[in-house]
Number of protein chains: 2
Amino acid sequence: MSDPNLVPKRPDMVTIADVARHAGVAVSTVSYVLSGKRAISATTRERVLTSVRKLGYHPNAGARALASRRANVIALVLPLRSGMHLPVLMQFATAVVTTARRFDHDVLLMTADEGPAELRRIAASAMVDGLILMDVEMHDPRVPLLRELERPSVLIGFPADATGLTCVDLDFYQAGQVCVEHLARLGHQRVALLGAPAVVYDRDTGYAHRTRAGFTETAQRLGLASIAQPCEENFDSVRRELAGLFDRQPDLSGLVVHNEAAVGQVLAALPALGRTVPRDISVVAICPDEVAERAAPALTSVLIPAEEVGQRAVTLLMEKLSGKEVPEGTLLDPRLTVRASTSAPALSPTVH
Amino acid sequence: MSDPNLVPKRPDMVTIADVARHAGVAVSTVSYVLSGKRAISATTRERVLTSVRKLGYHPNAGARALASRRANVIALVLPLRSGMHLPVLMQFATAVVTTARRFDHDVLLMTADEGPAELRRIAASAMVDGLILMDVEMHDPRVPLLRELERPSVLIGFPADATGLTCVDLDFYQAGQVCVEHLARLGHQRVALLGAPAVVYDRDTGYAHRTRAGFTETAQRLGLASIAQPCEENFDSVRRELAGLFDRQPDLSGLVVHNEAAVGQVLAALPALGRTVPRDISVVAICPDEVAERAAPALTSVLIPAEEVGQRAVTLLMEKLSGKEVPEGTLLDPRLTVRASTSAPALSPTVH
DNA sequence: CACGGTCGTCGAAGCGCTTCGAGCTTCCCG
DNA sequence: CGGGAAGCTCGAAGCGCTTCGACGACCGTG
């Protein structure tokens, strides 16, 4: 009863043995109480849990990983390249961390710049159980690696060839489509898409291309005149590109903006070009809700469901980790929220 | 020579024993080659390294952490609260990850919302060797915890009581000071500070208060009339607050903006209020360079050296991990870059 | 030529945890 | 009332790595 060993020698660093001793049970019993992998009587369980609390026991992550071959950590590979919009990225990241915690996992942060070698190192070192990659390109050099890696992964975004992979994303094709349909329904005849910087298209980023395709093909199907134009995110470029669009299409009355960073600039530049929103031109943005709401006037928008995508990525990964089969592609439906930036076109141009 | 054991049984998951066998040395020798903690002859080293490469060996992180009591992982605790500007956050994060890799460490991402309990768990589980915390508040509940934790930590930002801690940040007091001095040197007599949303001040966030103090006290010292005004980040608030400032101080000719998200709105609202930048009013911003450069007109600004702060935080943490003493506070000097948004005030108001 | 001192290498003892097989009780049913 | 099945718990064997003490070989020295 007064065994001096009842108290651990080092006050920090309480081990499972300390707990076992304190509770008067075997180490393995403590382990089973904590993992729930075998039936333990209610009384024993309570005694153990009490000791755990009293001693402030936290399992050593390294030892646990070594013995169980599960680190309970997932890697999140973020891009951090130019042309990405950071707020959305952070929303993803937050959602991933939060959701992972719900599954009792932690998140290791990697930047994509480190390249395939780092991915391989992390995977091979058994430091993580699985990976989530963001900002996947059409021909991403990391994709072939993923196929040969022994750890499961989930991609946010779709590469050109997605067979054998698990991918999640907003359905950008549909997003482009929804925007055009909204404008068409209002009566607009001539529409334009102001997109991401050219470099993003050149990099063959899937979502940019798919949005453009959805936009262009839907416009064609509905018999609207359409132009698609990449755009840098500074004020001068925005103004220049907009001016160019009006040159090429004077009766332009509907604008889809798929470039979150440029949204503000667009709203600033249009008045400067003598166009009032939505009287002279209707604007639909593809961007997070907060950006759309903060703008003046508030923007009709298709939101990028960053949080939902992040959650979905984690839950998919968890299912793969537990051996379940999961669908190869998960496309989330876009939702359009109508706000103050769209209306029926003025009459004159259409008569014209 | 043709011992079948020369080839590891599981092609993935190569262990140090496989390497030792392949190189014909003891396991401990391989370990010493890799860690460099004991002298090893050049020939043996080469042989071992060749085997490592040939087998594609990556040490098991869990086992290494368990045996060495070092995880080679640091935790990065991000805020993700409202009022924070995300791009800067990401710059910090990137810098931290990149710098950590240079010290052969990985980064575990935590969100601050999880609270002290999670911090304690991570620290106690030996999953990380040290912590870096961002967006520290004056009276941060995590700070007392850090003091009792057995793991070293570095804060980005200063709490009210920083004794016994290691903190890094831009010298925001000086930043406020530099802005005012610049405006004063140009001849401005009446200046205003448009700051973070009120909630940020209420939360007692250090940098907001210190900037304001630097601004106000310097204005006083130089004999300028000054007003400091919190501000939300949407267009209407910006416009309202600006209008209010001009009401209270019609001759206002110098404006310091310490709110990155509002910078764009300010530049949009000023013309709407009939003021041209910099003819009628000079604007200095405290924000990342890219924001300042992207604005129209390009903004004279004090940049937030996110990258440098991130690097510094990691190097400080590494020094603490290796047992070195480090200074309690590290304040980085602000640097003002003059761009197109400031000039001497128009003559009329001063004569007036 | 014997002696102590390096240098380079090895073997073995853990690090703290999970998990497997086995053992002890209890309980139920024939 | 005996036998088998459940229900709980225990002990021991690793997981893959680091690190300590030891040992043989080789060197220069007295």
# chains A, B, ... in the order shown; residues from 1 in each chain; ligands from 1
>>> interface_residues(of="chain B", to="chain D", cutoff="7 Å", atoms="only C-alpha atoms (C1' of nucleotides)", output="PyMOL selection string")
chain B and resi 15+60+63-64+67-68
>>> residues_around(residues="Ile281 (chain B)", least_positions_apart="2", cutoff="8 Å", atoms="only C-alpha atoms (C1' of nucleotides)", output="PDB file with N, CA and C atoms, in the first residue's frame")
ATOM      1  N   LEU B 252      -7.468  67.005 -42.126  1.00  0.00           N
ATOM      2  CA  LEU B 252      -6.716  65.757 -42.099  1.00  0.00           C
ATOM      3  C   LEU B 252      -5.994  65.530 -43.425  1.00  0.00           C
ATOM      4  N   SER B 253      -4.679  65.298 -43.357  1.00  0.00           N
ATOM      5  CA  SER B 253      -3.959  65.109 -44.632  1.00  0.00           C
ATOM      6  C   SER B 253      -3.062  63.891 -44.624  1.00  0.00           C
ATOM      7  N   GLY B 254      -2.979  63.216 -43.476  1.00  0.00           N
ATOM      8  CA  GLY B 254      -2.138  62.015 -43.427  1.00  0.00           C
ATOM      9  C   GLY B 254      -2.887  60.873 -42.763  1.00  0.00           C
ATOM     10  N   LEU B 255      -2.842  59.712 -43.410  1.00  0.00           N
ATOM     11  CA  LEU B 255      -3.588  58.573 -42.885  1.00  0.00           C
ATOM     12  C   LEU B 255      -2.677  57.361 -42.786  1.00  0.00           C
ATOM     13  N   ARG B 275     -11.606  62.704 -52.097  1.00  0.00           N
ATOM     14  CA  ARG B 275     -10.178  62.951 -51.801  1.00  0.00           C
ATOM     15  C   ARG B 275      -9.323  62.098 -52.722  1.00  0.00           C
ATOM     16  N   THR B 276      -8.361  62.712 -53.321  1.00  0.00           N
ATOM     17  CA  THR B 276      -7.445  62.002 -54.191  1.00  0.00           C
ATOM     18  C   THR B 276      -6.150  61.697 -53.429  1.00  0.00           C
ATOM     19  N   VAL B 277      -5.648  60.478 -53.623  1.00  0.00           N
ATOM     20  CA  VAL B 277      -4.387  60.067 -53.003  1.00  0.00           C
ATOM     21  C   VAL B 277      -3.284  60.211 -54.034  1.00  0.00           C
ATOM     22  N   PRO B 278      -2.172  60.841 -53.761  1.00  0.00           N
ATOM     23  CA  PRO B 278      -1.848  61.468 -52.476  1.00  0.00           C
ATOM     24  C   PRO B 278      -2.116  62.980 -52.462  1.00  0.00           C
ATOM     25  N   ARG B 279      -2.770  63.520 -53.495  1.00  0.00           N
ATOM     26  CA  ARG B 279      -2.895  64.974 -53.559  1.00  0.00           C
ATOM     27  C   ARG B 279      -3.580  65.549 -52.327  1.00  0.00           C
ATOM     28  N   VAL B 283      -1.355  58.396 -47.704  1.00  0.00           N
ATOM     29  CA  VAL B 283      -1.698  57.151 -47.013  1.00  0.00           C
ATOM     30  C   VAL B 283      -0.455  56.290 -46.810  1.00  0.00           C
ATOM     31  N   THR B 342       2.153  58.759 -50.828  1.00  0.00           N
ATOM     32  CA  THR B 342       2.425  59.869 -49.908  1.00  0.00           C
ATOM     33  C   THR B 342       3.143  60.999 -50.627  1.00  0.00           C
ATOM     34  N   PRO B 345       1.661  67.752 -48.168  1.00  0.00           N
ATOM     35  CA  PRO B 345       0.245  68.136 -48.203  1.00  0.00           C
ATOM     36  C   PRO B 345       0.035  69.317 -49.151  1.00  0.00           C
TER      37      PRO B 345
END
>>> residues_around(residues="region 111-121 of chain B", least_positions_apart="4", cutoff="6 Å", atoms="only C-alpha atoms (C1' of nucleotides)", output="list in words")
Val77, Leu78, Pro79, Ser125 and Arg142 of chain B
>>> write_last_selection(atoms="N, CA and C atoms", output="mmCIF file, in the first residue's frame")
data_model
loop_
_atom_site.group_PDB
_atom_site.id
_atom_site.type_symbol
_atom_site.label_atom_id
_atom_site.label_comp_id
_atom_site.auth_asym_id
_atom_site.auth_seq_id
_atom_site.Cartn_x
_atom_site.Cartn_y
_atom_site.Cartn_z
ATOM 1 N N VAL B 77 1.315 26.531 -33.759
ATOM 2 C CA VAL B 77 -0.046 26.781 -33.299
ATOM 3 C C VAL B 77 -0.571 28.049 -33.948
ATOM 4 N N LEU B 78 -1.487 27.891 -34.880
ATOM 5 C CA LEU B 78 -2.042 29.036 -35.599
ATOM 6 C C LEU B 78 -3.355 29.447 -34.969
ATOM 7 N N PRO B 79 -3.655 30.721 -35.029
ATOM 8 C CA PRO B 79 -4.870 31.248 -34.414
ATOM 9 C C PRO B 79 -6.136 30.882 -35.180
ATOM 10 N N SER B 125 2.756 14.006 -24.967
ATOM 11 C CA SER B 125 2.880 12.783 -25.743
ATOM 12 C C SER B 125 4.232 12.689 -26.432
ATOM 13 N N ARG B 142 -2.920 30.635 -22.870
ATOM 14 C CA ARG B 142 -1.948 29.573 -23.125
ATOM 15 C C ARG B 142 -0.604 29.879 -22.500
#
>>> closest_atom_pairs(of="chain B", to="chain C", cutoff="7 Å", atoms="only C-alpha atoms (C1' of nucleotides)", output="tab-separated table")
residue	atom	partner	partner_atom	distance
B:Ala26	CA	C:DC10	C1'	6.3
B:Thr29	CA	C:DT9	C1'	6.9
B:Ile40	CA	C:DG8	C1'	6.1
B:Ser41	CA	C:DG8	C1'	6.7
B:Leu66	CA	C:DC15	C1'	5.2
B:Ala67	CA	C:DC15	C1'	4.6
>>> select_by_dssp(residues="region 135-288 of chain B", states="alpha helix (DSSP H)", output="JSON, numbers by chain")
{"B": [142, 143, 144, 145, 146, 147, 148, 172, 173, 174, 175, 176, 177, 178, 179, 180, 181, 182, 183, 184, 185, 186, 198, 199, 200, 201, 202, 206, 207, 208, 209, 210, 211, 212, 213, 214, 215, 216, 217, 218, 219, 220, 221, 235, 236, 237, 238, 239, 240, 241, 242, 243, 244, 245, 246, 247, 248, 263, 264, 265, 266, 267, 268, 269, 270, 271, 272]}
>>> closest_atom_pairs(of="chain A", to="chain B", cutoff="8 Å", atoms="only C-alpha atoms", output="CSV")
residue,atom,partner,partner_atom,distance
A:Asp12,CA,B:Glu150,CA,7.5
A:Met13,CA,B:Ala124,CA,6.8
A:His58,CA,B:Ser125,CA,5.5
A:Pro59,CA,B:Ser125,CA,5.6
A:Asn60,CA,B:Ser125,CA,4.4
A:Ala61,CA,B:Ser125,CA,5.2
A:Gly62,CA,B:Gly62,CA,4.2
A:Ala63,CA,B:Leu66,CA,5.6
A:Arg64,CA,B:Gly62,CA,7.9
A:Ala65,CA,B:Gly62,CA,5.6
A:Leu66,CA,B:Gly62,CA,5.2
A:Ala71,CA,B:Gly62,CA,7.6
A:Leu80,CA,B:Thr94,CA,7.6
A:Leu86,CA,B:Pro87,CA,5.5
A:Pro87,CA,B:Leu86,CA,5.5
A:Met90,CA,B:Leu86,CA,7.0
A:Thr94,CA,B:Thr111,CA,7.1
A:Val97,CA,B:Met110,CA,7.0
A:Thr98,CA,B:Thr111,CA,7.8
A:Asp106,CA,B:Leu108,CA,7.4
A:Val107,CA,B:Leu109,CA,5.6
A:Leu108,CA,B:Leu108,CA,4.3
A:Leu109,CA,B:Val107,CA,5.6
A:Met110,CA,B:Val97,CA,7.0
A:Thr111,CA,B:Thr94,CA,7.1
A:Arg121,CA,B:His58,CA,6.5
A:Ala124,CA,B:His58,CA,5.9
A:Ser125,CA,B:Asn60,CA,4.4
A:Ala126,CA,B:Asn60,CA,5.9
A:Met127,CA,B:Ala61,CA,5.5
A:Glu150,CA,B:Asp12,CA,7.6
A:Glu233,CA,B:Arg294,CA,7.8
A:Asn234,CA,B:Arg294,CA,5.1
A:Phe235,CA,B:Ala296,CA,6.3
A:Asp236,CA,B:Ala296,CA,7.7
A:Gly264,CA,B:Gly264,CA,7.6
A:Ala268,CA,B:Ala268,CA,6.6
A:Arg294,CA,B:Asn234,CA,5.2
A:Ala295,CA,B:Phe235,CA,6.8
A:Ala296,CA,B:Phe235,CA,6.3
>>> select_by_dssp(residues="region 37-206 of chain A", states="strand (DSSP E or B)", output="ChimeraX atom specification")
/A:73-78,106-111,130-133,137,153-156,167-170,190-194,205
>>> write_last_selection(atoms="N, CA and C atoms", output="compact mmCIF listing (two decimals), in the first residue's frame")
# COMPACT_ATOMS: atom_id res chain seq x y z
N VAL A 73 -1.34 10.31 -37.39
CA VAL A 73 -1.01 11.62 -37.96
C VAL A 73 -1.24 11.53 -39.46
N ILE A 74 -1.80 12.57 -40.03
CA ILE A 74 -1.90 12.63 -41.48
C ILE A 74 -1.13 13.84 -41.97
N ALA A 75 -0.63 13.74 -43.18
CA ALA A 75 0.12 14.85 -43.75
C ALA A 75 -0.81 15.71 -44.59
N LEU A 76 -0.65 17.01 -44.47
CA LEU A 76 -1.39 17.93 -45.33
C LEU A 76 -0.37 18.66 -46.19
N VAL A 77 -0.46 18.44 -47.48
CA VAL A 77 0.52 19.04 -48.38
C VAL A 77 -0.08 20.25 -49.06
N LEU A 78 0.37 21.42 -48.67
CA LEU A 78 -0.16 22.66 -49.21
C LEU A 78 0.74 23.17 -50.32
N ASP A 106 -3.60 13.85 -35.72
CA ASP A 106 -2.98 15.16 -35.83
C ASP A 106 -2.54 15.38 -37.27
N VAL A 107 -2.13 16.61 -37.56
CA VAL A 107 -1.82 16.97 -38.94
C VAL A 107 -0.40 17.49 -39.07
N LEU A 108 0.34 16.87 -39.95
CA LEU A 108 1.69 17.33 -40.24
C LEU A 108 1.63 18.21 -41.47
N LEU A 109 2.22 19.39 -41.37
CA LEU A 109 2.12 20.35 -42.47
C LEU A 109 3.33 20.27 -43.38
N MET A 110 3.09 20.08 -44.66
CA MET A 110 4.20 20.07 -45.61
C MET A 110 3.91 21.09 -46.71
N THR A 111 4.95 21.67 -47.25
CA THR A 111 4.75 22.56 -48.38
C THR A 111 5.13 21.79 -49.63
N GLY A 130 -1.33 8.68 -43.68
CA GLY A 130 -1.92 8.97 -44.97
C GLY A 130 -1.68 10.43 -45.34
N LEU A 131 -1.99 10.79 -46.57
CA LEU A 131 -1.71 12.14 -47.05
C LEU A 131 -2.94 12.80 -47.68
N ILE A 132 -3.00 14.10 -47.51
CA ILE A 132 -3.98 14.90 -48.24
C ILE A 132 -3.22 15.94 -49.03
N LEU A 133 -3.42 15.97 -50.33
CA LEU A 133 -2.70 16.92 -51.17
C LEU A 133 -3.66 17.95 -51.73
N GLU A 137 -2.33 19.55 -59.81
CA GLU A 137 -2.36 19.99 -61.20
C GLU A 137 -2.74 18.83 -62.12
N SER A 153 -3.97 8.08 -49.80
CA SER A 153 -3.97 9.54 -49.94
C SER A 153 -5.28 10.01 -50.55
N VAL A 154 -5.55 11.28 -50.35
CA VAL A 154 -6.73 11.91 -50.95
C VAL A 154 -6.27 13.21 -51.58
N LEU A 155 -6.72 13.46 -52.80
CA LEU A 155 -6.34 14.69 -53.48
C LEU A 155 -7.49 15.69 -53.44
N ILE A 156 -7.16 16.94 -53.22
CA ILE A 156 -8.16 17.98 -53.37
C ILE A 156 -7.91 18.60 -54.73
N CYS A 167 -10.17 11.55 -55.23
CA CYS A 167 -10.14 13.00 -55.41
C CYS A 167 -11.46 13.63 -54.95
N VAL A 168 -11.35 14.82 -54.41
CA VAL A 168 -12.53 15.59 -54.00
C VAL A 168 -12.38 17.00 -54.54
N ASP A 169 -13.47 17.59 -54.91
CA ASP A 169 -13.41 19.00 -55.30
C ASP A 169 -14.81 19.53 -55.56
N LEU A 170 -14.89 20.83 -55.59
CA LEU A 170 -16.10 21.45 -56.07
C LEU A 170 -16.21 21.08 -57.55
N ARG A 190 -24.78 38.52 -73.77
CA ARG A 190 -23.34 38.54 -74.03
C ARG A 190 -22.62 38.52 -72.69
N VAL A 191 -21.82 37.49 -72.51
CA VAL A 191 -21.19 37.31 -71.21
C VAL A 191 -19.69 37.07 -71.37
N ALA A 192 -18.97 37.35 -70.30
CA ALA A 192 -17.52 37.13 -70.33
C ALA A 192 -17.08 36.49 -69.01
N LEU A 193 -15.98 35.75 -69.09
CA LEU A 193 -15.38 35.16 -67.90
C LEU A 193 -14.03 35.80 -67.66
N LEU A 194 -13.87 36.36 -66.48
CA LEU A 194 -12.56 36.88 -66.10
C LEU A 194 -11.96 35.85 -65.15
N THR A 205 -3.85 23.84 -64.35
CA THR A 205 -4.59 23.59 -63.13
C THR A 205 -6.01 23.21 -63.50
>>> residues_around(residues="Val257 (chain A)", least_positions_apart="3", cutoff="9 Å", atoms="only C-alpha atoms (C1' of nucleotides)", output="short mmCIF file (atom, residue, chain, number, x, y, z; two decimals) with N, CA and C atoms, in the first residue's frame")
data_model
loop_
_atom_site.label_atom_id
_atom_site.label_comp_id
_atom_site.auth_asym_id
_atom_site.auth_seq_id
_atom_site.Cartn_x
_atom_site.Cartn_y
_atom_site.Cartn_z
N ALA A 192 -18.97 37.35 -70.30
CA ALA A 192 -17.52 37.13 -70.33
C ALA A 192 -17.08 36.49 -69.01
N LEU A 193 -15.98 35.75 -69.09
CA LEU A 193 -15.38 35.16 -67.90
C LEU A 193 -14.03 35.80 -67.66
N LEU A 194 -13.87 36.36 -66.48
CA LEU A 194 -12.56 36.88 -66.10
C LEU A 194 -11.96 35.85 -65.15
N GLY A 195 -10.87 35.23 -65.59
CA GLY A 195 -10.38 34.07 -64.86
C GLY A 195 -9.13 34.31 -64.04
N ALA A 196 -8.45 33.21 -63.73
CA ALA A 196 -7.21 33.25 -62.97
C ALA A 196 -6.10 33.82 -63.84
N GLU A 260 -10.58 35.14 -57.03
CA GLU A 260 -10.99 35.76 -55.78
C GLU A 260 -10.22 37.03 -55.45
N ALA A 262 -9.06 39.13 -57.41
CA ALA A 262 -9.33 40.25 -58.31
C ALA A 262 -10.73 40.82 -58.11
N VAL A 263 -11.53 40.12 -57.33
CA VAL A 263 -12.93 40.54 -57.16
C VAL A 263 -13.04 42.01 -56.76
N VAL A 266 -12.13 44.35 -59.55
CA VAL A 266 -13.15 44.42 -60.60
C VAL A 266 -14.22 45.43 -60.22
N VAL A 283 -22.57 41.02 -62.30
CA VAL A 283 -21.34 40.31 -61.96
C VAL A 283 -21.65 39.10 -61.08
N VAL A 284 -21.15 37.96 -61.50
CA VAL A 284 -21.25 36.74 -60.67
C VAL A 284 -19.82 36.32 -60.35
N ALA A 285 -19.57 36.02 -59.07
CA ALA A 285 -18.21 35.61 -58.70
C ALA A 285 -18.20 34.16 -58.26
N ILE A 286 -17.06 33.51 -58.42
CA ILE A 286 -16.86 32.19 -57.83
C ILE A 286 -15.83 32.41 -56.74
N CYS A 287 -16.27 32.45 -55.52
CA CYS A 287 -15.39 32.82 -54.41
C CYS A 287 -16.04 32.48 -53.08
#
>>> atom_distance(atom1="CA of Arg47 (chain B)", atom2="CA of Val19 (chain B)")
10.0 Å
>>> atom_distance(atom1="CA of Phe92 (chain A)", atom2="CA of Pro288 (chain A)")
11.5 Å
